[in-house]
>>> print(open('query.txt').read())   # compact mmCIF, C-alpha atoms
# COMPACT_ATOMS: atom_id res chain seq x y z
CA ILE A 628 2.53 57.39 -8.71
CA PHE A 629 -0.46 55.08 -8.31
CA PHE A 630 1.72 52.08 -9.21
CA LEU A 631 4.38 53.07 -6.68
CA ALA A 632 1.76 53.55 -3.97
CA CYS A 633 0.34 50.08 -4.64
CA LEU A 634 3.82 48.58 -4.59
CA VAL A 635 4.57 50.17 -1.21
CA LEU A 636 1.28 48.91 0.23
CA CYS A 637 1.97 45.40 -1.04
CA LEU A 638 5.44 45.39 0.49
CA LEU A 639 4.12 46.66 3.82
CA ASN A 640 1.41 44.00 3.80
CA GLU A 641 4.00 41.29 3.10
CA VAL A 642 6.21 42.46 5.97
CA TYR A 643 3.19 42.64 8.29
CA THR A 644 2.13 39.13 7.29
CA GLN A 645 5.62 37.72 7.83
CA ASN A 646 5.82 39.29 11.28
CA LEU A 647 2.47 37.83 12.31
CA THR A 648 3.31 34.45 10.83
CA GLY A 649 6.41 34.35 12.99
CA THR A 650 4.23 34.52 16.11
CA CYS A 651 1.90 31.71 15.06
CA PRO A 652 2.80 28.00 14.97
CA VAL A 653 2.81 26.22 11.63
CA ARG A 654 -0.30 24.07 11.23
CA ASN A 655 0.34 20.64 12.72
CA GLN A 656 -2.52 18.20 12.17
CA ILE A 657 -0.81 15.52 14.28
CA ASP A 658 -0.51 17.77 17.34
CA ALA A 659 -4.08 18.95 16.85
CA ALA A 660 -5.39 15.38 16.60
CA ALA A 661 -3.43 14.42 19.73
CA VAL A 662 -5.53 16.87 21.74
CA GLY A 663 -8.77 15.92 19.99
CA ARG A 664 -8.98 18.89 17.63
CA ARG A 665 -10.07 19.17 14.01
CA CYS A 666 -8.60 22.23 12.35
CA ARG A 667 -10.75 24.66 10.46
CA LYS A 668 -9.96 25.82 6.94
CA ALA A 669 -6.37 27.04 6.60
CA CYS A 670 -5.75 30.59 5.47
CA HIS A 671 -2.99 33.13 4.91
CA LEU A 672 -3.00 36.71 6.07
CA GLY A 673 -3.70 39.11 3.25
CA VAL A 674 -5.35 36.43 1.09
CA ALA A 675 -9.16 36.47 1.14
CA ARG A 676 -9.95 32.75 1.58
CA CYS A 677 -12.30 32.98 4.56
CA LYS A 678 -16.03 33.27 3.89
CA ASN A 679 -19.29 33.81 5.77
CA GLY A 680 -17.84 36.44 8.07
CA ARG A 681 -14.94 34.29 9.27
CA VAL A 682 -11.57 35.91 9.98
CA CYS A 683 -8.05 34.59 9.36
CA LEU A 684 -6.51 34.25 12.83
CA CYS A 685 -3.88 32.18 14.60
CA ASP A 686 -5.61 29.10 16.02
CA HIS A 687 -2.80 27.57 18.08
CA GLU A 688 -1.82 24.05 16.87
CA CYS A 689 -3.85 24.61 13.72
CA GLY A 690 -1.89 27.68 12.64
CA PHE A 691 -3.70 30.41 10.72
CA SER A 692 -7.32 29.33 10.24
CA CYS A 693 -10.69 30.81 9.32
CA ILE A 694 -12.34 31.61 12.67
CA ASN A 695 -15.94 32.55 13.36
CA LEU A 696 -15.70 35.09 16.16
CA GLU A 697 -19.39 34.56 16.94
CA ASN A 698 -18.63 31.06 18.25
CA PHE A 699 -18.31 30.60 22.01
CA CYS A 700 -16.53 28.04 24.19
CA PRO A 701 -18.19 26.08 27.01
CA PRO A 702 -16.77 26.45 30.52
CA PRO A 703 -13.28 24.89 30.84
CA PRO A 704 -13.24 21.21 31.90
CA ASN A 705 -12.84 20.26 35.54
CA LEU A 706 -9.31 19.48 36.71
CA LEU A 707 -8.47 16.98 39.43
CA ASN A 708 -7.26 18.67 42.63
CA SER A 709 -8.37 22.11 41.44
CA THR A 710 -11.61 23.86 42.36
CA ARG A 711 -10.84 27.36 41.07
CA ILE A 712 -10.28 28.68 37.55
CA ILE A 713 -9.29 32.20 36.53
CA ILE A 714 -10.44 33.14 33.02
CA THR A 715 -9.12 36.31 31.42
CA ARG A 716 -9.69 38.19 28.18
CA VAL A 717 -7.66 40.74 26.24
CA HIS A 718 -9.67 43.95 25.99
CA GLY A 719 -7.81 46.63 24.07
CA ASN A 720 -4.50 47.08 25.87
CA ASN A 721 -5.81 45.56 29.09
CA ILE A 722 -6.42 42.06 30.44
CA ILE A 723 -9.77 41.73 32.18
CA GLN A 724 -11.60 38.91 33.93
CA ALA A 725 -13.79 37.09 31.42
CA GLU A 726 -17.33 35.95 32.02
CA ALA A 727 -19.45 33.54 30.01
CA PRO A 728 -20.00 33.32 27.13
CA TYR A 729 -16.28 32.67 26.58
CA ARG A 730 -14.82 33.90 23.32
CA TYR A 731 -11.94 33.03 21.01
CA ASN A 732 -8.56 33.44 22.76
CA ASP A 733 -9.96 33.78 26.28
CA ARG A 734 -7.39 32.22 28.63
CA ALA A 735 -8.12 29.83 31.50
CA ARG A 736 -5.69 29.15 34.32
CA TYR A 737 -6.30 26.58 37.04
CA ILE A 738 -5.54 27.24 40.72
CA CYS A 739 -4.58 24.06 42.57
CA ASP A 740 -6.12 23.11 45.90
CA ALA A 741 -4.09 23.42 49.10
CA GLY A 742 -1.41 20.73 49.23
CA PHE A 743 -1.08 20.57 45.43
CA THR A 744 1.13 22.39 42.93
CA LEU A 745 0.61 23.20 39.26
CA VAL A 746 3.36 21.16 37.57
CA GLN A 747 2.06 21.45 34.02
CA ASP A 748 0.30 24.59 32.81
CA GLY A 749 -1.30 23.98 29.43
CA ASN A 750 -2.03 27.66 28.78
CA HIS A 751 -5.68 26.91 28.04
CA MET A 752 -7.07 29.09 25.26
CA CYS A 753 -10.55 29.10 23.74
CA HIS A 754 -9.91 27.90 20.17
CA GLY A 755 -11.79 27.98 16.88
CA ARG A 756 -13.56 24.65 17.43
CA ARG A 757 -15.33 25.84 20.57
CA GLY A 758 -12.97 24.07 22.95
CA TRP A 759 -9.90 24.73 25.11
CA THR A 760 -6.25 24.03 24.32
CA GLY A 761 -3.66 22.56 26.67
CA THR A 762 -3.49 20.16 29.60
CA SER A 763 -2.79 21.10 33.22
CA ILE A 764 -1.81 18.88 36.16
CA CYS A 765 -2.11 19.63 39.87
CA ALA A 766 0.30 17.29 41.70
CA ARG A 767 0.79 16.69 45.41
CA ASP A 768 3.32 18.93 47.11
CA CYS A 769 6.47 16.85 47.50
CA GLY A 770 10.22 17.25 47.59
CA GLN A 771 12.23 16.51 44.47
CA TYR A 772 14.12 13.31 43.76
CA ASP A 773 17.38 13.28 45.75
CA PRO A 774 19.79 10.73 44.22
CA VAL A 775 22.34 11.16 47.04
CA LEU A 776 19.85 10.28 49.79
CA VAL A 777 18.34 7.49 47.70
CA ARG A 778 21.75 5.90 47.25
CA ARG A 779 22.76 6.43 50.88
CA ARG A 780 19.56 4.84 52.18
CA GLY A 781 19.54 2.03 49.62
CA MET A 782 16.09 3.01 48.39
CA VAL A 783 14.43 1.62 45.26
CA CYS A 784 12.18 4.23 43.65
CA GLY A 785 9.02 3.42 41.75
CA THR A 786 7.79 5.00 38.52
CA GLU A 787 7.79 8.79 38.51
CA CYS A 788 4.31 10.32 38.40
CA HIS A 789 2.19 13.40 39.04
CA VAL A 790 -1.34 11.97 39.41
CA ASP A 791 -2.84 8.55 40.23
CA SER A 792 -3.95 7.98 36.63
CA GLN A 793 -0.29 7.67 35.60
CA CYS A 794 0.11 4.61 37.82
CA SER A 795 -1.02 1.04 37.12
CA ASN A 796 -1.79 -2.14 39.06
CA GLY A 797 -3.70 -0.28 41.76
CA LEU A 798 -0.74 1.89 42.76
CA GLN A 799 -1.14 5.53 43.77
CA CYS A 800 0.99 8.59 43.07
CA LEU A 801 2.43 9.38 46.50
CA CYS A 802 5.25 11.36 48.03
CA ASP A 803 7.89 8.70 48.71
CA GLY A 804 10.56 10.50 50.71
CA ALA A 805 13.81 11.10 48.84
CA CYS A 806 12.29 9.49 45.73
CA GLY A 807 9.81 12.35 45.29
CA LEU A 808 6.44 11.60 43.68
CA ARG A 809 6.32 7.92 42.72
CA CYS A 810 3.79 5.20 42.00
CA ALA A 811 3.59 3.25 45.24
CA ASN A 812 1.41 0.92 47.29
CA SER A 813 -0.21 3.08 49.96
CA THR A 814 -0.93 0.03 52.17
CA ILE A 815 2.60 -1.38 52.10
CA ASN A 816 3.85 -2.84 55.39
CA CYS A 817 7.40 -1.77 56.20
CA GLY A 818 7.57 -3.84 59.35
CA GLU A 819 8.91 -2.57 62.64
CA ALA A 820 11.46 0.22 62.94
CA PRO A 821 14.72 -0.63 64.75
CA GLN A 822 14.76 -0.18 68.50
CA VAL A 823 16.97 2.51 70.01
CA THR A 824 18.45 2.36 73.50
CA ASN A 825 17.06 4.91 75.96
CA ALA A 826 14.10 5.79 73.74
CA THR A 827 10.45 4.85 73.32
CA LEU A 828 9.12 4.15 69.84
CA GLN A 829 5.71 5.48 68.77
CA TYR A 830 4.07 5.25 65.34
CA THR A 831 1.76 7.66 63.55
CA GLY A 832 -0.09 7.05 60.28
CA GLU A 833 -0.48 3.85 58.31
CA GLY A 834 1.02 2.18 55.25
CA LEU A 835 3.42 4.35 53.27
CA ARG A 836 2.54 7.31 55.49
CA ARG A 837 3.50 5.48 58.68
CA VAL A 838 6.14 7.40 60.63
CA ALA A 839 8.31 6.05 63.45
CA ASN A 840 8.86 8.64 66.18
CA TYR A 841 11.63 8.12 68.74
CA ILE A 842 10.97 9.78 72.10
CA CYS A 843 14.07 9.96 74.27
CA ASP A 844 13.85 8.88 77.89
CA SER A 845 14.24 11.48 80.63
CA GLY A 846 17.82 12.73 80.75
CA PHE A 847 18.59 11.74 77.16
CA TYR A 848 18.53 13.79 73.97
CA ARG A 849 18.68 13.01 70.27
CA SER A 850 22.05 13.73 68.70
>>> encode(input="query.txt", output="structure tokens")
Amino acid sequence: IFFLACLVLCLLNEVYTQNLTGTCPVRNQIDAAAVGRRCRKACHLGVARCKNGRVCLCDHECGFSCINLENFCPPPPNLLNSTRIIITRVHGNNIIQAEAPYRYNDRARYICDAGFTLVQDGNHMCHGRRGWTGTSICARDCGQYDPVLVRRRGMVCGTECHVDSQCSNGLQCLCDGACGLRCANSTINCGEAPQVTNATLQYTGEGLRRVANYICDSGFYRS
């Protein structure tokens, strides 16, 4: 009976381990290094390899690793075009707002400033090396690339981007009409807009943001 009981427990533990393993990425040292992480000692659920009070837990790109739950993470890094961060923590069956010190698996989410949209959410989690996973980007609000309008207007679009750091040669990431967000010269001179009969031409803005406004004369309407 004792042997059968042990066998059942071993089988249950194996099934439990397989289920948990399926929810955790396989350790990938290359991905971890790409985000500046050094993985802690690898482990397997059900095998006592962790020492000094560490626990075998899923540590994101590093897979199952020996984690010291007494370690804390610093505040999440600042993000360009974002001045607000929401940090949450799993507490039992609930998700609560987390306060410092931040613990393993606390989650940080950036809220973009007005006029910007979160285009890449890195799902920032406090990991076992006292840092945060993921990369987020807050990009300028802008319409998407419209190939029909681009072709109709004979436009030439620059390099696609989300933030200025993705552009080179002094270019900025700007909303370029039907092209969407592109690397462009903000001081470009487009020259004069064509004249229209029975209308007065007025300009607003400068460079790439310069807009030609046609104001119809009295008795005339735009059609």
>>> residues_around(input="query.txt", residues="Gly755 in chain A", least_positions_apart="3", cutoff="7 Å", atoms="all atoms listed in the file", output="NGL selection string")
:A and (686 or 694 or 731)
>>> write_last_selection(input="query.txt", atoms="C-alpha atoms", output="PDB file, in the coordinates of the input")
ATOM      1  CA  ASP A 686      -5.610  29.100  16.020  1.00  0.00           C
ATOM      2  CA  ILE A 694     -12.340  31.610  12.670  1.00  0.00           C
ATOM      3  CA  TYR A 731     -11.940  33.030  21.010  1.00  0.00           C
TER       4      TYR A 731
END
>>> residues_around(input="query.txt", residues="Gln747 in chain A", least_positions_apart="6", cutoff="8 Å", atoms="only C-alpha atoms", output="PyMOL selection string")
chain A and resi 762-765
>>> atom_distance(input="query.txt", atom1="CA of Tyr848 in chain A", atom2="CA of Gln822 in chain A")
15.5 Å
>>> closest_residue(input="query.txt", among="A:Cys651, A:Cys753, A:Val717, A:Ala661", to="Leu696 in chain A", atoms="only C-alpha atoms")
A:Cys753
>>> atom_distance(input="query.txt", atom1="CA of Phe847 in chain A", atom2="CA of Glu819 in chain A")
22.6 Å
>>> residues_around(input="query.txt", residues="range 691-693 of chain A", least_positions_apart="4", cutoff="10 Å", atoms="all atoms listed in the file", output="list in words")
Leu647, Thr648, Cys651, Pro652, Val653, Arg654, Cys666, Arg667, Lys668, Ala669, Cys670, His671, Leu672, Arg676, Cys677, Lys678, Asn679, Gly680, Arg681, Val682, Cys683, Leu684, Cys685, Asp686, His687 and Gly755 of chain A
>>> atom_distance(input="query.txt", atom1="CA of Cys802 in chain A", atom2="CA of Arg779 in chain A")
18.4 Å
>>> residues_around(input="query.txt", residues="Val783 in chain A", least_positions_apart="3", cutoff="9 Å", atoms="all atoms listed in the file", output="JSON, numbers by chain")
{"A": [777, 778, 806]}
>>> residues_around(input="query.txt", residues="Asn750 in chain A", least_positions_apart="4", cutoff="9 Å", atoms="only C-alpha atoms", output="JSON, numbers by chain")
{"A": [734, 735, 736, 760, 761, 762, 763]}
>>> write_last_selection(input="query.txt", atoms="C-alpha atoms", output="mmCIF file, keeping the file's coordinate frame")
data_model
loop_
_atom_site.group_PDB
_atom_site.id
_atom_site.type_symbol
_atom_site.label_atom_id
_atom_site.label_comp_id
_atom_site.auth_asym_id
_atom_site.auth_seq_id
_atom_site.Cartn_x
_atom_site.Cartn_y
_atom_site.Cartn_z
ATOM 1 C CA ARG A 734 -7.390 32.220 28.630
ATOM 2 C CA ALA A 735 -8.120 29.830 31.500
ATOM 3 C CA ARG A 736 -5.690 29.150 34.320
ATOM 4 C CA THR A 760 -6.250 24.030 24.320
ATOM 5 C CA GLY A 761 -3.660 22.560 26.670
ATOM 6 C CA THR A 762 -3.490 20.160 29.600
ATOM 7 C CA SER A 763 -2.790 21.100 33.220
#
>>> closest_residue(input="query.txt", among="A:Leu706, A:Leu801, A:Val790, A:Cys689", to="Ala766 in chain A", atoms="all atoms listed in the file")
A:Val790
>>> closest_residue(input="query.txt", among="A:Leu707, A:Ile712, A:Val674, A:Cys788", to="Cys810 in chain A", atoms="only C-alpha atoms")
A:Cys788
>>> closest_residue(input="query.txt", among="A:Tyr830, A:Trp759, A:Tyr772, A:Tyr737", to="Arg711 in chain A", atoms="all atoms listed in the file")
A:Tyr737
>>> closest_residue(input="query.txt", among="A:Arg837, A:Arg767, A:Arg664, A:Arg780", to="Gln799 in chain A", atoms="only C-alpha atoms")
A:Arg767
>>> closest_residue(input="query.txt", among="A:Thr786, A:Pro703, A:Gly834, A:Ser709", to="Gly742 in chain A", atoms="only C-alpha atoms")
A:Ser709
>>> decode(input="query.txt", residues="range 642-743 of chain A", atoms="C-alpha atoms", output="tab-separated table (two decimals), in the first residue's frame")
chain	number	residue	atom	x	y	z
A	642	VAL	CA	1.68	15.76	-14.17
A	643	TYR	CA	1.74	18.94	-12.05
A	644	THR	CA	5.28	19.69	-13.18
A	645	GLN	CA	4.46	19.15	-16.84
A	646	ASN	CA	1.45	21.45	-16.60
A	647	LEU	CA	3.51	24.22	-15.02
A	648	THR	CA	6.35	23.73	-17.47
A	649	GLY	CA	3.90	24.28	-20.30
A	650	THR	CA	3.17	27.77	-18.98
A	651	CYS	CA	6.82	28.80	-18.68
A	652	PRO	CA	9.16	29.56	-21.60
A	653	VAL	CA	12.16	27.32	-22.15
A	654	ARG	CA	15.35	29.01	-20.93
A	655	ASN	CA	16.80	31.14	-23.73
A	656	GLN	CA	20.16	32.68	-22.87
A	657	ILE	CA	20.26	34.62	-26.15
A	658	ASP	CA	16.91	36.34	-25.52
A	659	ALA	CA	17.93	37.04	-21.93
A	660	ALA	CA	21.25	38.56	-23.01
A	661	ALA	CA	19.46	40.69	-25.62
A	662	VAL	CA	17.59	42.47	-22.82
A	663	GLY	CA	20.65	42.67	-20.57
A	664	ARG	CA	19.80	39.80	-18.25
A	665	ARG	CA	21.94	37.10	-16.65
A	666	CYS	CA	19.89	34.07	-15.71
A	667	ARG	CA	20.07	32.58	-12.26
A	668	LYS	CA	20.67	28.89	-11.63
A	669	ALA	CA	18.32	26.69	-13.66
A	670	CYS	CA	16.02	24.30	-11.84
A	671	HIS	CA	13.21	21.83	-12.39
A	672	LEU	CA	10.01	21.63	-10.42
A	673	GLY	CA	10.02	18.76	-7.98
A	674	VAL	CA	13.83	18.51	-7.96
A	675	ALA	CA	15.51	20.15	-4.95
A	676	ARG	CA	18.35	22.08	-6.63
A	677	CYS	CA	17.73	25.52	-5.12
A	678	LYS	CA	19.56	26.43	-1.92
A	679	ASN	CA	19.69	29.21	0.66
A	680	GLY	CA	15.93	29.67	0.74
A	681	ARG	CA	15.57	30.18	-3.01
A	682	VAL	CA	12.49	28.82	-4.79
A	683	CYS	CA	12.17	27.24	-8.25
A	684	LEU	CA	9.93	29.63	-10.21
A	685	CYS	CA	9.35	30.69	-13.79
A	686	ASP	CA	11.65	33.65	-14.50
A	687	HIS	CA	10.43	34.70	-17.96
A	688	GLU	CA	13.17	34.43	-20.65
A	689	CYS	CA	15.30	32.43	-18.22
A	690	GLY	CA	12.73	29.69	-17.74
A	691	PHE	CA	12.54	27.93	-14.38
A	692	SER	CA	15.22	29.40	-12.12
A	693	CYS	CA	16.14	29.57	-8.44
A	694	ILE	CA	14.59	32.83	-7.20
A	695	ASN	CA	15.19	34.63	-3.92
A	696	LEU	CA	11.80	36.05	-3.02
A	697	GLU	CA	13.46	38.44	-0.57
A	698	ASN	CA	15.00	40.38	-3.48
A	699	PHE	CA	13.27	43.57	-4.59
A	700	CYS	CA	13.21	45.50	-7.87
A	701	PRO	CA	13.94	49.23	-8.19
A	702	PRO	CA	11.23	51.48	-9.64
A	703	PRO	CA	10.61	50.78	-13.36
A	704	PRO	CA	12.74	52.87	-15.76
A	705	ASN	CA	11.38	56.09	-17.23
A	706	LEU	CA	9.75	55.84	-20.65
A	707	LEU	CA	9.80	58.61	-23.24
A	708	ASN	CA	6.37	60.25	-23.67
A	709	SER	CA	4.98	58.58	-20.55
A	710	THR	CA	4.71	60.15	-17.10
A	711	ARG	CA	2.47	57.58	-15.41
A	712	ILE	CA	3.06	53.94	-14.50
A	713	ILE	CA	0.56	51.49	-13.00
A	714	ILE	CA	2.20	48.70	-10.98
A	715	THR	CA	0.10	45.75	-9.86
A	716	ARG	CA	0.66	42.64	-7.77
A	717	VAL	CA	-1.13	39.30	-7.52
A	718	HIS	CA	-2.43	38.88	-3.99
A	719	GLY	CA	-4.25	35.59	-3.53
A	720	ASN	CA	-7.01	35.57	-6.14
A	721	ASN	CA	-6.95	39.34	-6.53
A	722	ILE	CA	-4.81	41.89	-8.36
A	723	ILE	CA	-3.93	44.89	-6.22
A	724	GLN	CA	-1.94	48.06	-6.75
A	725	ALA	CA	1.66	47.47	-5.73
A	726	GLU	CA	3.80	49.85	-3.73
A	727	ALA	CA	7.55	49.84	-3.20
A	728	PRO	CA	9.43	47.71	-2.45
A	729	TYR	CA	8.49	45.89	-5.66
A	730	ARG	CA	8.60	42.12	-5.56
A	731	TYR	CA	9.11	39.23	-7.97
A	732	ASN	CA	6.38	39.15	-10.66
A	733	ASP	CA	4.97	42.60	-9.91
A	734	ARG	CA	3.73	44.01	-13.23
A	735	ALA	CA	4.34	47.53	-14.54
A	736	ARG	CA	2.27	49.11	-17.30
A	737	TYR	CA	3.03	52.51	-18.80
A	738	ILE	CA	0.32	55.08	-19.58
A	739	CYS	CA	1.26	57.29	-22.53
A	740	ASP	CA	0.94	61.06	-22.42
A	741	ALA	CA	-1.84	62.81	-24.34
A	742	GLY	CA	-1.17	62.66	-28.06
A	743	PHE	CA	0.75	59.38	-27.82
